[in-house]
Amino acid sequence: MIALVQRVRQARVEVEGRTIGAIDHGLLVFVCAEPDDDETQAAKLVAKLLKLRVFGDDAGKMNHSVQDVAGGLLIVSQFTLAADTGSGNRPGFSGVAPPALGHALYERVLALAREAHPNVAAGEFGADMQVHLVNDGPVTIPLRV
């Protein structure tokens, strides 16, 4: 699985003009499943997200996780993270999991996150979403598990 993690002061996702998920400070996480992914990668991703130390301590050093700071997680599916831009000008998406698998793994990531963390919001798989955020830092971390 591929994820792009952004530390945010606030973030929300809208579908058809209505907010379907929002957090204050925390992590905005864009997630993409690849064809060979399974629940093992979903579990590894959630574990990594919850322990990733990207929030500052009293000295300003990134020593705290989203759990340590009681931050939120806003998890949004984004298949374009697996885009192949190696040739030509149009990205290819052969490295993306089929929609049924991608949807199942996205839902698994959400379920695991909600079991382990009290503040989890989500986008809508396959929807045309507008994501609004105030990046904090900015801190943006790519992950692959």
# chains A, B, ... in the order shown; residues from 1 in each chain; ligands from 1
$ select_by_dssp --residues "chain A" --states "strand (DSSP E)" --output "ChimeraX atom specification"
/A:2-15,18-23,26-32,55-56,62-64,72-77,120-122,129-144
$ write_last_selection --atoms "C-alpha atoms" --output "compact mmCIF listing (two decimals), in the first residue's frame"
# COMPACT_ATOMS: atom_id res chain seq x y z
CA ILE A 2 1.06 3.53 -0.67
CA ALA A 3 0.20 6.45 1.57
CA LEU A 4 0.94 10.14 1.56
CA VAL A 5 0.75 11.58 5.07
CA GLN A 6 0.37 15.28 5.78
CA ARG A 7 0.50 16.83 9.23
CA VAL A 8 -2.38 19.28 9.35
CA ARG A 9 -3.86 21.89 11.63
CA GLN A 10 -7.24 21.03 10.15
CA ALA A 11 -8.61 19.13 7.19
CA ARG A 12 -11.96 18.19 5.72
CA VAL A 13 -13.27 16.31 2.72
CA GLU A 14 -16.42 17.24 0.82
CA VAL A 15 -18.57 15.30 -1.62
CA ARG A 18 -21.29 18.47 1.93
CA THR A 19 -18.58 17.73 4.45
CA ILE A 20 -18.32 13.99 5.03
CA GLY A 21 -15.17 13.92 7.16
CA ALA A 22 -13.20 16.49 9.14
CA ILE A 23 -10.47 16.72 11.77
CA GLY A 26 -3.70 15.50 13.14
CA LEU A 27 -2.85 13.57 9.99
CA LEU A 28 -4.46 13.69 6.57
CA VAL A 29 -3.66 10.35 4.97
CA PHE A 30 -4.14 9.60 1.27
CA VAL A 31 -4.18 5.83 0.69
CA CYS A 32 -3.77 3.67 -2.42
CA PHE A 55 4.59 16.05 15.93
CA GLY A 56 6.90 18.31 17.89
CA MET A 62 9.48 15.54 15.92
CA ASN A 63 9.10 13.04 18.76
CA HIS A 64 5.34 12.59 19.15
CA GLY A 72 -7.26 13.09 14.37
CA LEU A 73 -6.82 10.90 11.32
CA LEU A 74 -8.59 11.80 8.08
CA ILE A 75 -8.14 8.87 5.70
CA VAL A 76 -8.92 9.44 2.02
CA SER A 77 -8.62 6.95 -0.85
CA VAL A 120 -10.88 8.81 12.65
CA ALA A 121 -12.72 10.48 9.78
CA ALA A 122 -12.89 9.34 6.17
CA MET A 129 -13.92 14.63 -3.45
CA GLN A 130 -12.68 18.07 -2.59
CA VAL A 131 -10.08 17.98 0.16
CA HIS A 132 -9.39 21.13 2.14
CA LEU A 133 -6.43 21.34 4.49
CA VAL A 134 -4.14 23.61 6.38
CA ASN A 135 -0.77 21.87 6.21
CA ASP A 136 1.26 22.20 9.39
CA GLY A 137 4.96 22.78 8.76
CA PRO A 138 4.55 21.72 6.02
CA VAL A 139 5.23 18.10 6.88
CA THR A 140 4.49 15.61 4.12
CA ILE A 141 5.72 12.00 4.35
CA PRO A 142 5.38 9.32 1.65
CA LEU A 143 4.96 5.76 2.94
CA ARG A 144 4.97 2.36 1.26
$ residues_around --residues "Thr40 of chain A" --least-positions-apart "3" --cutoff "10 Å" --atoms "only C-alpha atoms" --output "ChimeraX atom specification"
/A:1,37,43-45,105,145
$ write_last_selection --atoms "all heavy atoms" --output "mmCIF file, in the first residue's frame"
data_model
loop_
_atom_site.group_PDB
_atom_site.id
_atom_site.type_symbol
_atom_site.label_atom_id
_atom_site.label_comp_id
_atom_site.auth_asym_id
_atom_site.auth_seq_id
_atom_site.Cartn_x
_atom_site.Cartn_y
_atom_site.Cartn_z
ATOM 1 N N MET A 1 0.845 -1.172 0.000
ATOM 2 C CA MET A 1 0.000 0.000 0.000
ATOM 3 C C MET A 1 0.888 1.232 0.000
ATOM 4 O O MET A 1 1.977 1.218 0.556
ATOM 5 C CB MET A 1 -0.929 0.030 1.211
ATOM 6 C CG MET A 1 -1.946 -1.091 1.221
ATOM 7 S SD MET A 1 -3.237 -0.885 2.468
ATOM 8 C CE MET A 1 -4.392 0.080 1.523
ATOM 9 N N ASP A 37 -1.490 -6.210 -2.697
ATOM 10 C CA ASP A 37 -1.747 -5.899 -1.297
ATOM 11 C C ASP A 37 -2.837 -6.801 -0.725
ATOM 12 O O ASP A 37 -3.702 -7.298 -1.450
ATOM 13 C CB ASP A 37 -2.167 -4.433 -1.137
ATOM 14 C CG ASP A 37 -1.026 -3.456 -1.363
ATOM 15 O OD1 ASP A 37 0.144 -3.876 -1.274
ATOM 16 O OD2 ASP A 37 -1.310 -2.272 -1.626
ATOM 17 N N ALA A 43 -2.864 -3.598 7.844
ATOM 18 C CA ALA A 43 -2.521 -3.573 9.266
ATOM 19 C C ALA A 43 -1.182 -2.880 9.505
ATOM 20 O O ALA A 43 -1.037 -2.096 10.453
ATOM 21 C CB ALA A 43 -2.495 -4.994 9.823
ATOM 22 N N LYS A 44 -0.203 -3.153 8.655
ATOM 23 C CA LYS A 44 1.105 -2.494 8.794
ATOM 24 C C LYS A 44 0.980 -0.985 8.612
ATOM 25 O O LYS A 44 1.626 -0.208 9.324
ATOM 26 C CB LYS A 44 2.090 -3.050 7.770
ATOM 27 C CG LYS A 44 2.621 -4.415 8.101
ATOM 28 C CD LYS A 44 3.597 -4.890 7.021
ATOM 29 C CE LYS A 44 4.116 -6.279 7.311
ATOM 30 N NZ LYS A 44 5.016 -6.766 6.250
ATOM 31 N N LEU A 45 0.154 -0.569 7.642
ATOM 32 C CA LEU A 45 -0.021 0.861 7.399
ATOM 33 C C LEU A 45 -0.632 1.548 8.618
ATOM 34 O O LEU A 45 -0.143 2.586 9.064
ATOM 35 C CB LEU A 45 -0.896 1.095 6.163
ATOM 36 C CG LEU A 45 -1.213 2.561 5.863
ATOM 37 C CD1 LEU A 45 0.061 3.360 5.590
ATOM 38 C CD2 LEU A 45 -2.176 2.663 4.698
ATOM 39 N N LEU A 105 -9.717 -2.981 0.852
ATOM 40 C CA LEU A 105 -8.546 -2.645 1.668
ATOM 41 C C LEU A 105 -8.674 -1.262 2.297
ATOM 42 O O LEU A 105 -8.245 -1.044 3.440
ATOM 43 C CB LEU A 105 -7.268 -2.769 0.846
ATOM 44 C CG LEU A 105 -6.885 -4.211 0.517
ATOM 45 C CD1 LEU A 105 -5.687 -4.245 -0.420
ATOM 46 C CD2 LEU A 105 -6.606 -5.009 1.778
ATOM 47 N N VAL A 145 4.151 0.389 2.393
ATOM 48 C CA VAL A 145 4.261 -0.784 3.257
ATOM 49 C C VAL A 145 3.929 -2.032 2.469
ATOM 50 O O VAL A 145 3.287 -1.998 1.450
ATOM 51 C CB VAL A 145 3.348 -0.694 4.506
ATOM 52 C CG1 VAL A 145 3.789 0.448 5.405
ATOM 53 C CG2 VAL A 145 1.894 -0.549 4.133
#
$ select_by_dssp --residues "segment 25-84 of chain A" --states "alpha helix (DSSP H)" --output "list in words"
Glu39, Thr40, Gln41, Ala42, Ala43, Lys44, Leu45, Val46, Ala47, Lys48, Leu49, Leu50 and Lys51 of chain A
$ write_last_selection --atoms "N, CA, C and O atoms" --output "short mmCIF file (atom, residue, chain, number, x, y, z; two decimals), in the first residue's frame"
data_model
loop_
_atom_site.label_atom_id
_atom_site.label_comp_id
_atom_site.auth_asym_id
_atom_site.auth_seq_id
_atom_site.Cartn_x
_atom_site.Cartn_y
_atom_site.Cartn_z
N GLU A 39 -4.66 -7.76 3.59
CA GLU A 39 -4.91 -7.20 4.92
C GLU A 39 -3.63 -7.02 5.73
O GLU A 39 -3.60 -6.20 6.64
N THR A 40 -2.60 -7.75 5.39
CA THR A 40 -1.32 -7.58 6.10
C THR A 40 -0.79 -6.17 5.90
O THR A 40 -0.36 -5.52 6.85
N GLN A 41 -0.82 -5.69 4.65
CA GLN A 41 -0.34 -4.33 4.38
C GLN A 41 -1.24 -3.29 5.03
O GLN A 41 -0.76 -2.26 5.52
N ALA A 42 -2.54 -3.54 5.05
CA ALA A 42 -3.47 -2.62 5.71
C ALA A 42 -3.12 -2.48 7.19
O ALA A 42 -3.06 -1.36 7.73
N ALA A 43 -2.86 -3.60 7.84
CA ALA A 43 -2.52 -3.57 9.27
C ALA A 43 -1.18 -2.88 9.50
O ALA A 43 -1.04 -2.10 10.45
N LYS A 44 -0.20 -3.15 8.66
CA LYS A 44 1.10 -2.49 8.79
C LYS A 44 0.98 -0.98 8.61
O LYS A 44 1.63 -0.21 9.32
N LEU A 45 0.15 -0.57 7.64
CA LEU A 45 -0.02 0.86 7.40
C LEU A 45 -0.63 1.55 8.62
O LEU A 45 -0.14 2.59 9.06
N VAL A 46 -1.68 0.98 9.16
CA VAL A 46 -2.33 1.59 10.33
C VAL A 46 -1.36 1.65 11.50
O VAL A 46 -1.25 2.68 12.18
N ALA A 47 -0.62 0.58 11.74
CA ALA A 47 0.35 0.58 12.84
C ALA A 47 1.38 1.68 12.64
O ALA A 47 1.74 2.40 13.59
N LYS A 48 1.86 1.83 11.42
CA LYS A 48 2.86 2.87 11.12
C LYS A 48 2.27 4.27 11.33
O LYS A 48 2.92 5.15 11.91
N LEU A 49 1.04 4.48 10.85
CA LEU A 49 0.41 5.80 10.99
C LEU A 49 0.26 6.20 12.45
O LEU A 49 0.50 7.36 12.81
N LEU A 50 -0.12 5.26 13.27
CA LEU A 50 -0.38 5.57 14.68
C LEU A 50 0.90 5.83 15.46
O LEU A 50 0.88 6.53 16.48
N LYS A 51 2.02 5.30 15.00
CA LYS A 51 3.30 5.45 15.72
C LYS A 51 4.25 6.45 15.07
O LYS A 51 5.30 6.78 15.64
#
